[in-house]
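Below you'll find the structure, written out as structure tokens, and then a few comments.
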Amino acid sequence: MTMKHRDILDVITAQRTVEGAGFPVRRPFPTAQLDNLDPFLMLDEVGPIDWPPGEAQGAPDHPHRGFETISYLLSGEKLHEDSAGDSQIMRPGDVQWMTAGSGIVHSEMPSPAMHERGGRAHSFQIWLNLPAAHKMAAQRYQFIANDQMPLGHSEDGLVTVKVIAGEAYGVTAKIDTYVPVTLQDWDMQPGATAKPVMPPEQQMALYLFEGSLAVGPRARIIEEGQLVIFGDGGAIDLTLDAGAETPARFLLFGGVPIGEPIARHGPFVMNTREELMQAFDDYQAGRMGLIAR
Ligand code: FE
């Protein structure tokens, strides 16, 4: 039996916004057009921005409860600290997968070296929901350094995949997840073709952050900054014209939808309004901890 190739359901152009302390963000969701892509709650492409010496900004101490935050660095250097005692410098290619669960306080700042000398900052910030059964799970911190990242390759060498979650070209991710998800950074060189078969129970999407790419059974041309939402099926058709001037870089991601009510406000994502109120109470009472410095 052959499974049908996935059609394109929708193409959404990411919105440009300015976050927090003034860094530019390209955001496919959540927006007025698309609230979430169950089980994913948020996808932010932060930067690229070139900071002058002494001016790089970050996200100082703030709490989370009820979901997981994923940070994937393309350029720059970040210092992550949290109330569970984790402290880590992140460098390009590194991935940090943090389960906030019942509550955590963390900060994501430019590293002291980055702050001092300035430079390019570019990263992805991704929020992944947890099902009700795991919203109050213990905090967990998973880190994959760039040189430990599982890499998938096409036989012709034109496609390289960083397998953060899921599987590509027979290579399996190291990250352990609560719901089955796929999250991969694909690099396709001019002339490359790929037809990855993604688990049919997962709702899949693609966010192109560099170049252009022909996607889907009718080879629709997708441009940088666009999000593609796929329909049911298995394989995804991807082709980059041999005459293309730049490679195509994109996140291919998706998961098994959780299908529960979402009550979200600020840094908390729960199932009901009462649980949200409780989260604010618990944070204000200090029950999510503090970062020891
Ligand atoms: Fe955060």
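To be explicit about the labels: the chains of the structure tokens are called A, B, and onward in the order shown, and within each one the residues are counted from 1, while ligands get numbers from 1 in the order they are shown.
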
Quiz item: When the cut-off is 10 Å and you count only C-alpha atoms and all ligand atoms, which residues lie near ligand 1, shown as an MDAnalysis selection string?
Solution: chainID A and resid 59:64 68:71 80 82 98 100 104:108 125:127 267

Quiz item: Near Ser87 in chain A, within 12 Å and counting only C-alpha atoms, which residues show up once chain neighbours fewer than 6 positions away are dropped, as a list in words?
Solution: Lys78, Leu79, His80, Glu81, Gln96, His106, Ser107, Glu108, Met109, Ser111, Tyr141, Phe143, Ile291, Ala292 and Arg293 of chain A

Could you list, with a cut-off of 8 Å and counting only C-alpha atoms, the residues of range 30-137 of chain A near range 169-182 of chain A, each shown with its nearest atom pair and the distance in Å rounded to one decimal, rows sorted by chain and ascending number, as a tab-separated table?
residue	atom	partner	partner_atom	distance
A:Trp97	CA	A:Ile175	CA	7.8
A:Leu130	CA	A:Tyr178	CA	7.1
A:Pro131	CA	A:Val179	CA	7.9
A:His134	CA	A:Tyr178	CA	7.7

Practice problem: Could you tell me, as a VMD selection string, which residues of range 91-239 of chain A DSSP assigns to strand (DSSP E or B) when given the backbone? | Solution: chain A and resid 95 to 99 104 to 110 119 to 129 140 to 144 151 to 153 159 to 165 167 to 168 171 to 172 181 to 188 193 to 194 197 203 to 210 212 to 215 220 to 223 226 to 230 235 238 to 239

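Shell of Asp94 in chain A at 10 Å, with only C-alpha atoms counted and residues fewer than 6 places along the chain excluded, is Ser71, Tyr72, Leu73, Leu74, Ser75, Glu77, Phe143, Ile144, Ala145, Asn146, Asp147, Gln148, Met149 and Ile164 of chain A.
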
Atoms kept (N, CA and C atoms) for selection, written as a PDB file, in the first residue's frame:
ATOM      1  N   SER A  71      15.149  25.905  22.549  1.00  0.00           N
ATOM      2  CA  SER A  71      15.974  26.984  22.026  1.00  0.00           C
ATOM      3  C   SER A  71      17.006  26.372  21.089  1.00  0.00           C
ATOM      4  N   TYR A  72      17.108  26.923  19.893  1.00  0.00           N
ATOM      5  CA  TYR A  72      18.052  26.411  18.898  1.00  0.00           C
ATOM      6  C   TYR A  72      18.815  27.595  18.334  1.00  0.00           C
ATOM      7  N   LEU A  73      20.120  27.567  18.527  1.00  0.00           N
ATOM      8  CA  LEU A  73      20.943  28.726  18.194  1.00  0.00           C
ATOM      9  C   LEU A  73      21.572  28.573  16.810  1.00  0.00           C
ATOM     10  N   LEU A  74      21.440  29.607  15.982  1.00  0.00           N
ATOM     11  CA  LEU A  74      22.104  29.614  14.674  1.00  0.00           C
ATOM     12  C   LEU A  74      23.369  30.467  14.715  1.00  0.00           C
ATOM     13  N   SER A  75      23.299  31.625  15.392  1.00  0.00           N
ATOM     14  CA  SER A  75      24.468  32.506  15.544  1.00  0.00           C
ATOM     15  C   SER A  75      24.434  33.147  16.919  1.00  0.00           C
ATOM     16  N   GLU A  77      25.905  33.735  21.043  1.00  0.00           N
ATOM     17  CA  GLU A  77      26.255  32.954  22.224  1.00  0.00           C
ATOM     18  C   GLU A  77      25.327  33.392  23.347  1.00  0.00           C
ATOM     19  N   PHE A 143      20.106  18.879  26.738  1.00  0.00           N
ATOM     20  CA  PHE A 143      20.979  19.751  25.958  1.00  0.00           C
ATOM     21  C   PHE A 143      21.745  18.906  24.948  1.00  0.00           C
ATOM     22  N   ILE A 144      21.721  19.341  23.703  1.00  0.00           N
ATOM     23  CA  ILE A 144      22.519  18.655  22.675  1.00  0.00           C
ATOM     24  C   ILE A 144      23.480  19.684  22.084  1.00  0.00           C
ATOM     25  N   ALA A 145      24.765  19.479  22.307  1.00  0.00           N
ATOM     26  CA  ALA A 145      25.771  20.367  21.716  1.00  0.00           C
ATOM     27  C   ALA A 145      25.849  20.095  20.217  1.00  0.00           C
ATOM     28  N   ASN A 146      26.230  21.118  19.485  1.00  0.00           N
ATOM     29  CA  ASN A 146      26.300  21.021  18.024  1.00  0.00           C
ATOM     30  C   ASN A 146      27.066  19.776  17.560  1.00  0.00           C
ATOM     31  N   ASP A 147      28.203  19.483  18.207  1.00  0.00           N
ATOM     32  CA  ASP A 147      29.012  18.348  17.734  1.00  0.00           C
ATOM     33  C   ASP A 147      28.453  16.988  18.169  1.00  0.00           C
ATOM     34  N   GLN A 148      27.368  17.008  18.947  1.00  0.00           N
ATOM     35  CA  GLN A 148      26.710  15.753  19.349  1.00  0.00           C
ATOM     36  C   GLN A 148      25.384  15.554  18.606  1.00  0.00           C
ATOM     37  N   MET A 149      25.053  16.493  17.734  1.00  0.00           N
ATOM     38  CA  MET A 149      23.758  16.453  17.054  1.00  0.00           C
ATOM     39  C   MET A 149      23.717  15.325  16.028  1.00  0.00           C
ATOM     40  N   ILE A 164      16.894  16.987  15.452  1.00  0.00           N
ATOM     41  CA  ILE A 164      16.674  17.402  16.843  1.00  0.00           C
ATOM     42  C   ILE A 164      15.635  16.488  17.480  1.00  0.00           C
TER      43      ILE A 164
END

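Backbone DSSP over range 10-245 of chain A yields alpha helix (DSSP H) at Pro112, Ala113, Met114, His115, Glu116 and Arg117 of chain A.
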